[in-house]
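A.B. asks: Take a look at model.txt, compact mmCIF, C-alpha atoms:
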```
# COMPACT_ATOMS: atom_id res chain seq x y z
CA MET F 243 139.02 62.89 47.88
CA THR F 244 135.96 65.11 48.08
CA LEU F 245 135.01 66.56 51.47
CA TYR F 246 131.34 67.31 52.05
CA LEU F 247 130.26 69.63 54.86
CA LEU F 248 126.72 69.41 56.12
CA TYR F 249 124.98 72.23 57.96
CA ILE F 250 122.01 71.73 60.26
CA ASP F 251 120.21 74.89 61.36
CA PRO F 252 119.40 75.26 65.10
CA GLY F 253 115.68 74.63 64.61
CA THR F 254 116.26 71.38 62.74
CA GLY F 255 118.93 70.40 65.25
CA SER F 256 116.48 70.90 68.12
CA MET F 257 113.85 68.85 66.31
CA LEU F 258 116.33 66.01 65.65
CA PHE F 259 117.44 66.10 69.28
CA SER F 260 113.82 65.89 70.43
CA LEU F 261 113.26 62.98 68.03
CA PHE F 262 116.33 61.20 69.42
CA ILE F 263 115.13 61.73 73.00
CA GLY F 264 111.68 60.46 72.08
CA VAL F 265 113.12 57.29 70.51
CA ALA F 266 115.41 56.76 73.50
CA ALA F 267 112.53 57.22 75.93
CA ALA F 268 110.31 54.81 73.97
CA ALA F 269 113.09 52.23 73.88
CA SER F 270 113.70 52.63 77.61
CA PHE F 271 110.04 52.17 78.48
CA GLY F 272 109.75 49.24 76.08
CA LEU F 273 112.68 47.43 77.66
CA ARG F 274 111.45 48.22 81.16
CA ALA F 275 107.97 46.93 80.32
CA LEU F 276 109.45 43.73 78.86
CA TYR F 277 111.59 43.27 81.97
CA LEU F 278 108.59 43.66 84.28
CA LYS F 279 106.49 41.25 82.20
CA LEU F 280 109.19 38.59 82.25
CA LYS F 281 109.71 39.13 85.98
CA PHE F 282 105.98 38.74 86.52
CA VAL F 283 105.89 35.48 84.54
CA PHE F 284 108.94 33.91 86.23
CA SER F 285 107.72 34.91 89.69
CA GLY F 286 104.58 32.90 89.18
CA GLY F 287 102.39 35.94 88.63
CA LYS F 288 103.29 37.70 91.86
CA SER F 289 103.75 41.47 91.72
CA ASP F 290 106.77 43.15 93.25
CA SER F 291 105.51 45.74 95.71
CA ALA F 292 108.97 47.27 96.02
CA THR F 293 109.12 47.89 92.26
CA ALA F 294 105.57 49.23 92.21
CA SER F 295 106.39 51.82 94.84
CA LYS F 296 109.45 53.28 93.11
CA ASN F 297 107.57 56.28 91.77
CA ILE F 298 108.47 59.55 93.48
CA PRO F 299 105.24 60.76 95.10
CA PHE F 300 105.74 64.49 94.42
CA VAL F 301 108.07 66.16 91.92
CA ILE F 302 108.31 69.90 91.32
CA PHE F 303 110.04 71.14 88.18
CA SER F 304 111.18 74.73 87.64
CA ASP F 305 112.61 75.68 84.24
CA HIS F 306 114.15 78.90 85.63
CA LYS F 307 115.22 80.27 88.99
CA ARG F 308 112.88 83.24 88.64
CA TYR F 309 109.97 80.93 89.50
CA TRP F 310 111.32 80.15 92.96
CA ASN F 311 108.84 82.73 94.28
CA VAL F 312 106.05 80.44 92.99
CA PHE F 313 107.46 77.21 94.38
CA LYS F 314 109.15 78.21 97.63
CA PRO F 315 105.88 78.61 99.57
CA ILE F 316 104.81 75.13 98.43
CA CYS F 317 108.17 73.59 99.35
CA ASP F 318 107.98 75.32 102.72
CA GLU F 319 104.52 73.86 103.28
CA PHE F 320 105.69 70.34 102.38
CA GLU F 321 108.60 70.80 104.77
CA LYS F 322 106.33 72.09 107.52
CA ARG F 323 104.12 69.01 107.22
CA GLY F 324 107.07 66.62 107.03
CA ILE F 325 106.16 65.40 103.54
CA ASP F 326 108.95 64.30 101.19
CA ALA F 327 109.18 65.83 97.72
CA VAL F 328 111.78 66.31 94.97
CA PHE F 329 112.55 69.69 93.40
CA TYR F 330 114.24 69.67 89.98
CA THR F 331 115.55 72.87 88.42
CA ALA F 332 117.10 73.95 85.13
CA SER F 333 119.07 76.78 86.78
CA PRO F 334 122.46 76.03 88.36
CA ASP F 335 122.03 78.99 90.73
CA ASP F 336 118.42 78.35 91.68
CA PRO F 337 117.89 79.46 95.32
CA ALA F 338 116.24 76.10 95.96
CA LEU F 339 119.61 74.39 95.71
CA THR F 340 120.96 76.26 98.74
CA THR F 341 117.80 76.19 100.84
CA ASP F 342 118.10 73.99 103.93
CA TYR F 343 115.34 71.37 103.86
CA ASN F 344 114.97 68.01 105.55
CA HIS F 345 112.12 66.72 103.39
CA ILE F 346 112.76 68.45 100.04
CA LYS F 347 115.47 66.93 97.88
CA THR F 348 116.77 69.47 95.32
CA GLU F 349 118.68 68.69 92.14
CA TYR F 350 120.02 70.63 89.16
CA LEU F 351 119.20 68.79 85.93
CA GLY F 352 121.40 70.79 83.57
CA GLU F 353 120.62 73.43 80.95
CA ASN F 354 119.10 73.49 77.46
CA ASN F 355 117.53 70.10 76.59
CA LYS F 356 119.10 68.11 79.41
CA PRO F 357 116.26 68.65 81.96
CA TYR F 358 113.67 67.42 79.46
CA ALA F 359 115.69 64.33 78.59
CA ARG F 360 115.45 63.45 82.29
CA LEU F 361 111.81 64.42 82.70
CA ASN F 362 110.74 62.48 79.61
CA MET F 363 111.69 59.26 81.40
CA LEU F 364 110.62 60.28 84.91
CA ASN F 365 108.77 57.98 87.31
CA ALA F 366 106.54 60.05 89.58
CA ASP F 367 102.99 60.10 90.84
CA ILE F 368 102.53 63.87 90.50
CA LEU F 369 104.64 66.43 88.70
CA LEU F 370 103.95 70.11 89.44
CA ALA F 371 105.29 72.74 87.04
CA THR F 372 104.69 76.25 85.79
CA THR F 373 106.30 75.43 82.42
CA PRO F 374 103.88 75.61 79.47
CA GLY F 375 104.20 73.47 76.35
CA LEU F 376 104.10 70.00 77.89
CA GLY F 377 103.83 67.44 75.09
CA ILE F 378 104.41 70.06 72.39
CA TYR F 379 108.13 70.57 72.00
CA GLN F 380 111.04 68.74 73.63
CA TRP F 381 109.20 68.09 76.89
CA LYS F 382 107.05 64.98 76.45
CA ARG F 383 104.67 63.30 78.84
CA SER F 384 106.43 60.43 80.57
CA LYS F 385 104.57 57.14 80.79
CA GLY F 386 105.94 56.92 84.31
CA VAL F 387 104.14 60.06 85.53
CA LYS F 388 100.53 59.61 86.61
CA CYS F 389 99.43 63.24 86.87
CA TYR F 390 100.78 66.54 85.54
CA VAL F 391 99.65 69.64 87.45
CA HIS F 392 100.16 73.19 86.16
CA ILE F 393 100.54 76.16 88.49
CA PRO F 394 100.59 79.57 86.74
CA HIS F 395 103.27 82.16 87.45
CA SER F 396 100.84 85.05 86.95
CA ILE F 397 97.14 85.74 87.40
CA SER F 398 96.71 86.53 83.70
CA ASP F 399 94.44 84.83 81.17
CA PHE F 400 95.70 81.38 80.16
CA ALA F 401 94.91 82.25 76.53
CA GLY F 402 97.92 84.57 76.73
CA TYR F 403 100.19 81.51 76.69
CA ARG F 404 101.77 80.34 73.44
CA MET F 405 99.53 77.95 71.49
CA PHE F 406 98.66 74.55 73.03
CA ALA F 407 100.52 75.48 76.23
CA LEU F 408 98.30 73.59 78.68
CA ASP F 409 96.65 71.01 76.42
CA HIS F 410 98.48 68.01 77.86
CA TYR F 411 98.30 68.83 81.55
CA ASP F 412 95.85 66.87 83.69
CA SER F 413 95.10 69.53 86.32
CA VAL F 414 95.46 73.26 86.86
CA ILE F 415 95.64 74.99 90.23
CA ALA F 416 94.73 78.60 89.56
CA SER F 417 94.87 81.94 91.31
CA GLY F 418 91.29 82.95 90.52
CA GLU F 419 88.12 82.13 88.61
CA ASN F 420 89.13 84.59 85.87
CA GLN F 421 91.49 81.90 84.49
CA LEU F 422 88.79 79.30 83.86
CA PRO F 423 86.60 80.59 80.95
CA SER F 424 89.21 80.72 78.18
CA MET F 425 90.66 77.34 79.21
CA ARG F 426 87.27 75.65 78.90
CA LYS F 427 86.59 77.33 75.54
CA LEU F 428 89.90 76.14 74.15
CA GLU F 429 89.19 72.60 75.32
CA LYS F 430 85.89 72.59 73.43
CA LEU F 431 87.63 73.84 70.30
CA ARG F 432 90.13 70.98 70.54
CA PRO F 433 88.08 67.81 71.00
CA SER F 434 91.20 65.65 70.94
CA ILE F 435 92.26 66.89 74.38
CA LYS F 436 90.52 66.06 77.62
CA GLU F 437 89.00 68.54 80.03
CA LYS F 438 91.46 69.44 82.77
CA GLU F 439 90.64 69.50 86.45
CA PHE F 440 90.51 73.12 87.59
CA THR F 441 90.91 74.21 91.22
CA VAL F 442 91.39 77.71 92.65
CA VAL F 443 94.07 77.75 95.35
CA GLY F 444 95.22 81.38 95.13
CA SER F 445 98.60 82.82 94.19
CA THR F 446 101.63 81.61 96.14
CA TYR F 447 103.98 84.27 94.83
CA LEU F 448 101.54 87.15 95.38
CA ASP F 449 100.97 85.92 98.95
CA SER F 450 104.74 85.90 99.53
CA MET F 451 105.21 89.30 97.96
CA LYS F 452 102.45 90.79 100.11
CA LYS F 453 103.95 89.20 103.23
CA GLN F 454 107.34 90.68 102.37
CA LEU F 455 105.79 94.09 101.71
CA ASP F 456 104.01 94.03 105.06
CA SER F 457 107.36 93.23 106.66
CA VAL F 458 109.52 95.94 105.06
CA GLY F 459 106.83 98.53 104.36
CA LYS F 460 106.15 100.58 101.26
CA HIS F 461 109.01 102.61 99.82
CA ASN F 462 108.14 106.32 100.04
CA GLN F 463 111.55 108.01 99.92
CA ASN F 464 111.95 109.03 96.27
CA GLU F 465 113.15 112.62 95.77
CA LYS F 466 111.93 112.34 92.19
CA LYS F 467 109.09 110.11 91.01
CA VAL F 468 110.37 106.77 89.75
CA VAL F 469 108.86 105.51 86.49
CA LEU F 470 109.34 101.81 85.81
CA VAL F 471 109.13 100.60 82.21
CA ALA F 472 108.40 96.87 82.44
CA PRO F 473 107.32 95.31 79.12
CA THR F 474 106.72 91.77 78.02
CA TRP F 475 108.84 90.26 75.24
CA GLY F 476 108.03 89.58 71.61
CA LYS F 477 106.96 91.71 68.69
CA SER F 478 103.87 93.02 70.52
CA GLY F 479 105.91 94.28 73.50
CA ILE F 480 106.80 97.92 74.16
CA LEU F 481 110.48 97.68 73.29
CA SER F 482 109.76 95.94 69.99
CA ARG F 483 106.92 98.23 68.98
CA PHE F 484 107.94 101.63 70.35
CA GLY F 485 111.41 101.31 71.85
CA GLU F 486 113.26 104.50 71.03
CA LYS F 487 110.10 106.58 70.45
CA LEU F 488 108.79 106.10 73.98
CA LEU F 489 112.14 106.18 75.76
CA SER F 490 113.12 109.41 73.96
CA GLN F 491 110.06 111.15 75.39
CA LEU F 492 110.71 109.79 78.88
CA ALA F 493 114.27 111.11 78.64
CA LYS F 494 112.83 114.64 78.36
CA THR F 495 111.00 114.38 81.70
CA ASP F 496 112.34 115.06 85.18
CA PHE F 497 111.46 111.56 86.40
CA THR F 498 113.88 108.80 87.35
CA VAL F 499 113.40 106.16 84.67
CA VAL F 500 114.11 102.46 85.25
CA VAL F 501 113.79 99.97 82.38
CA ARG F 502 113.30 96.32 83.36
CA PRO F 503 113.14 94.11 80.24
CA HIS F 504 111.39 90.77 80.37
CA PRO F 505 113.89 87.97 81.21
CA GLN F 506 113.15 86.33 77.86
CA SER F 507 114.15 89.54 76.07
CA VAL F 508 117.64 89.10 77.51
CA VAL F 509 117.75 85.71 75.81
CA SER F 510 115.91 86.40 72.56
CA GLU F 511 116.03 90.14 71.87
CA GLN F 512 119.61 91.34 72.33
CA ASN F 513 119.37 92.97 68.89
CA ILE F 514 116.75 95.30 70.41
CA LEU F 515 118.10 95.63 73.95
CA LYS F 516 121.73 96.41 73.26
CA PRO F 517 121.16 99.50 71.03
CA LEU F 518 118.58 100.87 73.48
CA GLN F 519 120.89 100.39 76.46
CA GLU F 520 123.68 102.23 74.64
CA LYS F 521 121.45 105.11 73.52
CA PHE F 522 119.69 105.53 76.88
CA SER F 523 122.57 104.88 79.24
CA GLN F 524 121.24 107.65 81.51
CA PHE F 525 118.38 105.31 82.51
CA GLU F 526 118.69 102.55 85.07
CA TRP F 527 118.48 99.11 83.46
CA ASN F 528 117.26 96.52 85.93
CA PHE F 529 117.89 92.79 85.48
CA ASP F 530 117.45 91.59 89.07
CA ASN F 531 116.21 88.01 89.39
CA ASN F 532 113.74 89.13 92.06
CA ASN F 533 111.61 92.13 91.07
CA PHE F 534 110.37 92.99 94.56
CA ASN F 535 112.73 95.90 95.29
CA ILE F 536 112.15 97.73 92.02
CA LEU F 537 108.38 97.21 92.17
CA ASN F 538 108.33 98.60 95.71
CA ARG F 539 110.51 101.55 94.75
CA ALA F 540 108.61 102.61 91.61
CA ASP F 541 105.81 105.18 91.83
CA ILE F 542 104.21 104.10 88.57
CA MET F 543 104.71 101.45 85.89
CA ILE F 544 104.51 101.72 82.11
CA THR F 545 103.87 98.36 80.49
CA ASP F 546 101.89 96.57 77.78
CA PHE F 547 100.14 93.27 78.52
CA SER F 548 102.81 91.75 80.76
CA GLY F 549 101.60 89.76 83.77
CA VAL F 550 103.74 91.97 86.00
CA ILE F 551 100.92 94.52 85.77
CA PHE F 552 99.01 92.60 88.40
CA ASP F 553 101.99 91.96 90.67
CA TYR F 554 102.50 95.70 90.77
CA THR F 555 98.95 97.00 91.00
CA LEU F 556 97.42 94.40 93.30
CA VAL F 557 100.27 93.92 95.78
CA PHE F 558 101.81 97.40 95.87
CA ASP F 559 98.50 99.17 95.15
CA LYS F 560 100.01 101.53 92.57
CA PRO F 561 98.79 102.65 89.13
CA VAL F 562 99.94 101.62 85.68
CA ILE F 563 100.02 103.17 82.23
CA TYR F 564 99.61 100.64 79.45
CA THR F 565 100.51 101.16 75.82
CA ASP F 566 98.41 100.22 72.82
CA THR F 567 100.70 97.73 71.10
CA ASN F 568 98.09 96.30 68.69
CA PHE F 569 98.41 92.89 70.29
CA ASP F 570 99.11 90.20 67.69
CA SER F 571 97.33 87.08 68.92
CA LEU F 572 98.80 84.78 66.26
CA PRO F 573 101.44 83.02 68.43
CA TYR F 574 99.05 82.67 71.36
CA ASP F 575 96.07 80.54 72.32
CA ALA F 576 94.06 83.76 72.18
CA ASP F 577 94.14 83.46 68.40
CA TRP F 578 91.61 80.62 68.68
CA LEU F 579 89.13 82.80 70.54
CA ASN F 580 87.09 85.62 69.09
CA GLU F 581 87.46 87.75 72.20
CA PRO F 582 90.12 89.84 74.00
CA LEU F 583 92.30 88.48 76.76
CA TRP F 584 90.82 88.93 80.23
CA GLU F 585 93.55 91.39 81.19
CA PHE F 586 92.61 93.69 78.30
CA THR F 587 89.05 93.92 79.63
CA VAL F 588 90.18 94.98 83.12
CA LEU F 589 93.13 97.22 82.23
CA PRO F 590 90.93 100.36 82.02
CA LYS F 591 89.93 99.75 85.65
CA ILE F 592 93.50 99.73 86.97
CA GLY F 593 95.43 101.89 84.53
CA ILE F 594 95.47 104.65 81.93
CA PRO F 595 95.90 103.83 78.23
CA LEU F 596 98.72 105.45 76.31
CA LYS F 597 98.61 105.83 72.54
CA GLU F 598 101.62 106.55 70.38
CA GLU F 599 100.39 110.04 69.49
CA GLN F 600 100.31 110.86 73.23
CA PHE F 601 103.98 110.12 73.89
CA SER F 602 104.84 113.82 73.84
CA ASN F 603 102.45 114.35 76.79
CA ILE F 604 103.85 111.48 78.84
CA ALA F 605 104.83 113.64 81.85
CA GLU F 606 101.27 114.94 82.27
CA ILE F 607 99.75 111.47 81.87
CA ILE F 608 102.09 110.03 84.51
CA SER F 609 101.19 112.72 87.04
CA LYS F 610 97.47 112.19 86.42
CA ALA F 611 97.70 108.42 86.91
CA ILE F 612 99.66 108.67 90.17
CA SER F 613 96.97 110.85 91.79
CA SER F 614 93.88 108.96 90.48
CA GLU F 615 91.42 107.70 93.14
CA LYS F 616 89.27 105.99 90.48
CA LEU F 617 92.13 103.67 89.62
CA LYS F 618 92.46 102.72 93.27
CA GLU F 619 88.82 101.57 93.31
CA GLY F 620 89.42 99.51 90.18
CA ARG F 621 92.43 97.80 91.73
CA ASN F 622 90.31 96.66 94.65
CA GLU F 623 87.70 95.17 92.29
CA VAL F 624 90.22 93.25 90.18
CA ARG F 625 92.12 92.06 93.24
CA ASN F 626 89.02 90.38 94.66
CA LEU F 627 88.34 88.54 91.40
CA ALA F 628 91.78 87.38 90.32
CA TRP F 629 93.65 86.90 93.60
CA GLN F 630 91.38 84.65 95.62
CA ASN F 631 92.12 82.79 98.84
CA LYS F 632 94.66 85.47 99.76
CA GLY F 633 97.34 84.37 102.20
CA LYS F 634 96.43 80.66 102.00
CA ALA F 635 97.59 79.61 98.52
CA ALA F 636 100.49 77.36 99.59
CA GLU F 637 98.38 75.54 102.15
CA SER F 638 95.56 75.03 99.63
CA ALA F 639 97.99 73.89 96.91
CA VAL F 640 99.50 71.20 99.13
CA ASP F 641 96.03 70.14 100.30
CA PHE F 642 95.08 69.66 96.64
CA LEU F 643 98.25 67.70 95.83
CA LEU F 644 97.77 65.36 98.79
CA LYS F 645 94.15 64.76 97.87
CA LYS F 646 95.07 64.16 94.25
CA HIS F 647 97.83 61.73 95.27
CA LYS F 648 95.39 59.76 97.40
CA SER F 649 92.97 59.50 94.46
CA LEU F 650 95.64 57.90 92.27
CA TYR F 651 95.65 54.72 94.39
```
Could I get this file's structure written as structure tokens?
C.D. replies:
Amino acid sequence: MTLYLLYIDPGTGSMLFSLFIGVAAAASFGLRALYLKLKFVFSGGKSDSATASKNIPFVIFSDHKRYWNVFKPICDEFEKRGIDAVFYTASPDDPALTTDYNHIKTEYLGENNKPYARLNMLNADILLATTPGLGIYQWKRSKGVKCYVHIPHSISDFAGYRMFALDHYDSVIASGENQLPSMRKLEKLRPSIKEKEFTVVGSTYLDSMKKQLDSVGKHNQNEKKVVLVAPTWGKSGILSRFGEKLLSQLAKTDFTVVVRPHPQSVVSEQNILKPLQEKFSQFEWNFDNNNFNILNRADIMITDFSGVIFDYTLVFDKPVIYTDTNFDSLPYDADWLNEPLWEFTVLPKIGIPLKEEQFSNIAEIISKAISSEKLKEGRNEVRNLAWQNKGKAAESAVDFLLKKHKSLY
């Protein structure tokens, strides 16, 4: 007897799983449609109002607990107005699950592909999410959902998303007008997708962060200046490009150095993180789910093109140093556009560039940036453009969702 062993690599396995889910969803909708047609015929052509109203009016989906700062203000606003909504999460320890609401039903959908298996067959009028890639990978548009609304988790350029990230959303509620131009240009380059509705509501998480900062006050008790290294993930990020070179120079300074890797680096880049953590164990390595405390504590941030730049500079009103990582646009929507990301055009207004050959002078560059008045003026300019409707984002977001829901009927 001959025994044959078959191996399926993870990528193929994921694709086959997605195919299976797609077939299952199609079969489910086909059977449901047949059932409704037969019911319609045997009832003499009368519709069932109870069946027609089974859609959940408002669903919020969060693929990770770190986005609770985006969704909590909206949930709070729904609760305040006495409007029912459902909050689905892919994190078993999402703070939403332990928040006491009367009108918000929260549910953990499971990890990995399980949430998308559920969402692919969802019946809802409106689904709000910050997750990119709808209709591209395992998350498919459900025939039972009337409108998909995207809310960004940063004020950065949408072209900085991975390719086709927002193509299959119906609406976008943005933080500022700076997010519109690249989205419209991408839509024109892809005639097969429809133009999305675009509305500026402001930034819910920046509003919350600013409110918290006003409550606790700025941290000004550091004996030594605290330098926060906060990169994005991927081959264009600081740790991938410079890693040991930059951290070795920071180790020679008298500053307190805190390294906060991007959450996705913890998942995808352990081969980079682990050796750096072992070599630079004298640094603080921060993996807190909420970044408020470390952002408030730091005197300056060193980063690349991560969206945390704007959380830090616009809320805490502190300077940044950004490295020249030779941004590779290939995996991103930016690769379709013959122009730099919006954040690259405004970085010189809010921070000081750092080239690899300048690493040996990092202490001097840090001191210069901390004391710069010109950078303070630039932060004010960028704040007014990209963080609009300050303090009213949650209210405006719910107003939009209610208006949109009314238009569906």
A.B. asks: (92.2, 99.5, 82.4) in this file's frame - what residues fall within 12 Å of it? Use only C-alpha atoms and give the answer as number ranges by chain.
C.D. replies: F: 545-547, 551-552, 555, 561-566, 584-596, 611, 616-621, 623-624
A.B. asks: Separation of atom CA of Lys487 of chain F and atom CA of Ile604 of chain F, in Å?
C.D. replies: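 Between atom CA of Lys487 of chain F and atom CA of Ile604 of chain F the gap works out to 11.6 Å.
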A.B. asks: Between atom CA of Ile514 of chain F and atom CA of Val550 of chain F, measure the distance and give it in Å to one decimal.
C.D. replies: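 The value is 20.6 Å.
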A.B. asks: Neighbours of Val471 of chain F within 8 Å (all atoms listed in the file; same-chain residues fewer than 6 positions away dropped), as a list of chain:residue names?
C.D. replies: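 The neighbour list is F:Val499, F:Val500, F:Val501, F:Arg502, F:Pro503, F:Met543, F:Ile544, F:Thr545.
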A.B. asks: Could you take the residues named above and write them with C-alpha atoms, as a PDB file, in the frame of the given file?
C.D. replies:
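Everything below was put into selection02.pdb:
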```pdb
ATOM      1  CA  VAL F 499     113.400 106.160  84.670  1.00  0.00           C
ATOM      2  CA  VAL F 500     114.110 102.460  85.250  1.00  0.00           C
ATOM      3  CA  VAL F 501     113.790  99.970  82.380  1.00  0.00           C
ATOM      4  CA  ARG F 502     113.300  96.320  83.360  1.00  0.00           C
ATOM      5  CA  PRO F 503     113.140  94.110  80.240  1.00  0.00           C
ATOM      6  CA  MET F 543     104.710 101.450  85.890  1.00  0.00           C
ATOM      7  CA  ILE F 544     104.510 101.720  82.110  1.00  0.00           C
ATOM      8  CA  THR F 545     103.870  98.360  80.490  1.00  0.00           C
TER       9      THR F 545
END
```
A.B. asks: Can you work out which one of F:Phe601, F:Tyr403, F:Phe303, F:Tyr343 has the shortest atom-to-atom distance to Glu486 of chain F, counting all atoms listed in the file?
C.D. replies: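 Under the stated criterion, the closest residue is F:Phe601.
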A.B. asks: Hey, can you check how far atom CA of Leu579 of chain F sits from atom CA of Gly402 of chain F?
C.D. replies: 10.9 Å
A.B. asks: Out of F:Asn532, F:Ser398, F:Ser523, F:Ser571, which residue has the shortest atom-to-atom distance to Leu627 of chain F when counting all atoms listed in the file?
C.D. replies: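 Comparing F:Asn532, F:Ser398, F:Ser523, F:Ser571 against Leu627 of chain F, the winner is F:Ser398.
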A.B. asks: With distances taken over only C-alpha atoms, which of F:Glu349, F:Glu321, F:Glu439, F:Glu615 is nearest to Phe642 of chain F?
C.D. replies: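 Nearest to Phe642 of chain F: F:Glu439.
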A.B. asks: How big is the axis-aligned box, and where does its centre sit, when it encloses all atoms of segment 465-481 of chain F listed in the file and has 5 Å added on every side, reported in Å to one decimal as lines of an AutoDock Vina configuration file?
C.D. replies:
```
center_x = 108.5
center_y = 101.1
center_z = 82.2
size_x = 19.3
size_y = 33.0
size_z = 37.1
```
A.B. asks: So which residues fall inside 10 Å of (107.4, 90.4, 75.3) if we count only C-alpha atoms? Mind giving them as a tab-separated table (two decimals) with C-alpha atoms, in the coordinates of the input?
C.D. replies:
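That gives us selection06.tsv:
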```
chain	number	residue	atom	x	y	z
F	472	ALA	CA	108.40	96.87	82.44
F	473	PRO	CA	107.32	95.31	79.12
F	474	THR	CA	106.72	91.77	78.02
F	475	TRP	CA	108.84	90.26	75.24
F	476	GLY	CA	108.03	89.58	71.61
F	477	LYS	CA	106.96	91.71	68.69
F	478	SER	CA	103.87	93.02	70.52
F	479	GLY	CA	105.91	94.28	73.50
F	480	ILE	CA	106.80	97.92	74.16
F	481	LEU	CA	110.48	97.68	73.29
F	482	SER	CA	109.76	95.94	69.99
F	503	PRO	CA	113.14	94.11	80.24
F	504	HIS	CA	111.39	90.77	80.37
F	505	PRO	CA	113.89	87.97	81.21
F	506	GLN	CA	113.15	86.33	77.86
F	507	SER	CA	114.15	89.54	76.07
F	510	SER	CA	115.91	86.40	72.56
F	511	GLU	CA	116.03	90.14	71.87
F	546	ASP	CA	101.89	96.57	77.78
F	547	PHE	CA	100.14	93.27	78.52
F	548	SER	CA	102.81	91.75	80.76
```
A.B. asks: Hey, what's within 10 Å of segment 453-465 of chain F if we count all atoms listed in the file and toss same-chain stuff fewer than 5 positions away? As a list in words, please?
C.D. replies: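 With the cut-off at 10 Å, the set is Tyr447, Leu448, Phe497, Thr498, Phe534, Asn535, Ile536, Leu537, Asn538, Arg539, Ala540, Asp541, Val557, Phe558, Asp559 and Gly633 of chain F.
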A.B. asks: With only C-alpha atoms as the basis for distance, which of F:Arg308, F:Tyr379, F:Val301, F:Ser602 is at the shortest distance from Thr348 of chain F?
C.D. replies: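 Using only C-alpha atoms, the shortest distance to Thr348 of chain F belongs to F:Val301.
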A.B. asks: Give me the residues within 10 Å of Pro374 of chain F as a list of chain:residue names, counting all atoms listed in the file and dropping any in the same chain fewer than 3 places off.
C.D. replies: F:Asp305, F:Ala371, F:Gly377, F:Ile378, F:Tyr379, F:Trp381, F:His392, F:Ile393, F:Pro394, F:Tyr403, F:Arg404, F:Met405, F:Phe406, F:Ala407, F:Leu408, F:Asp409, F:His410, F:Tyr411
A.B. asks: Which of these, F:Ile346, F:Ile368, F:Ile302, F:Cys317, has the shortest distance to Leu644 of chain F once you count only C-alpha atoms?
C.D. replies: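 Among the listed residues, F:Ile368 lies closest to Leu644 of chain F.
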A.B. asks: As a PyMOL selection string, please: the residues near Lys356 of chain F (cut-off 12 Å, all atoms listed in the file, same-chain neighbours under 2 positions excluded).
C.D. replies: chain F and resi 256+259-260+263+305+330-333+350-354+358-363+380-381
A.B. asks: For the residues in that selection, give me C-alpha atoms as an mmCIF file, keeping the file's coordinate frame.
C.D. replies:
```cif
data_model
loop_
_atom_site.group_PDB
_atom_site.id
_atom_site.type_symbol
_atom_site.label_atom_id
_atom_site.label_comp_id
_atom_site.auth_asym_id
_atom_site.auth_seq_id
_atom_site.Cartn_x
_atom_site.Cartn_y
_atom_site.Cartn_z
ATOM 1 C CA SER F 256 116.480 70.900 68.120
ATOM 2 C CA PHE F 259 117.440 66.100 69.280
ATOM 3 C CA SER F 260 113.820 65.890 70.430
ATOM 4 C CA ILE F 263 115.130 61.730 73.000
ATOM 5 C CA ASP F 305 112.610 75.680 84.240
ATOM 6 C CA TYR F 330 114.240 69.670 89.980
ATOM 7 C CA THR F 331 115.550 72.870 88.420
ATOM 8 C CA ALA F 332 117.100 73.950 85.130
ATOM 9 C CA SER F 333 119.070 76.780 86.780
ATOM 10 C CA TYR F 350 120.020 70.630 89.160
ATOM 11 C CA LEU F 351 119.200 68.790 85.930
ATOM 12 C CA GLY F 352 121.400 70.790 83.570
ATOM 13 C CA GLU F 353 120.620 73.430 80.950
ATOM 14 C CA ASN F 354 119.100 73.490 77.460
ATOM 15 C CA TYR F 358 113.670 67.420 79.460
ATOM 16 C CA ALA F 359 115.690 64.330 78.590
ATOM 17 C CA ARG F 360 115.450 63.450 82.290
ATOM 18 C CA LEU F 361 111.810 64.420 82.700
ATOM 19 C CA ASN F 362 110.740 62.480 79.610
ATOM 20 C CA MET F 363 111.690 59.260 81.400
ATOM 21 C CA GLN F 380 111.040 68.740 73.630
ATOM 22 C CA TRP F 381 109.200 68.090 76.890
#
```
A.B. asks: What would segment 328-332 of chain F look like if you wrote it out as a compact mmCIF listing (two decimals), in the first residue's frame, with N, CA, C and O atoms included, from the block I just posted?
C.D. replies:
```
# COMPACT_ATOMS: atom_id res chain seq x y z
N VAL F 328 -25.19 47.00 16.35
CA VAL F 328 -24.45 45.78 16.67
C VAL F 328 -22.97 46.01 16.40
O VAL F 328 -22.60 46.55 15.35
N PHE F 329 -22.13 45.62 17.36
CA PHE F 329 -20.68 45.76 17.22
C PHE F 329 -20.04 44.38 17.18
O PHE F 329 -20.12 43.62 18.15
N TYR F 330 -19.45 44.03 16.05
CA TYR F 330 -18.75 42.76 15.90
C TYR F 330 -17.23 43.01 15.96
O TYR F 330 -16.73 43.98 15.40
N THR F 331 -16.52 42.11 16.63
CA THR F 331 -15.07 42.26 16.74
C THR F 331 -14.36 40.95 16.49
O THR F 331 -14.92 39.86 16.73
N ALA F 332 -13.13 41.05 16.02
CA ALA F 332 -12.29 39.87 15.79
C ALA F 332 -11.29 39.67 16.92
O ALA F 332 -10.40 38.82 16.82
```
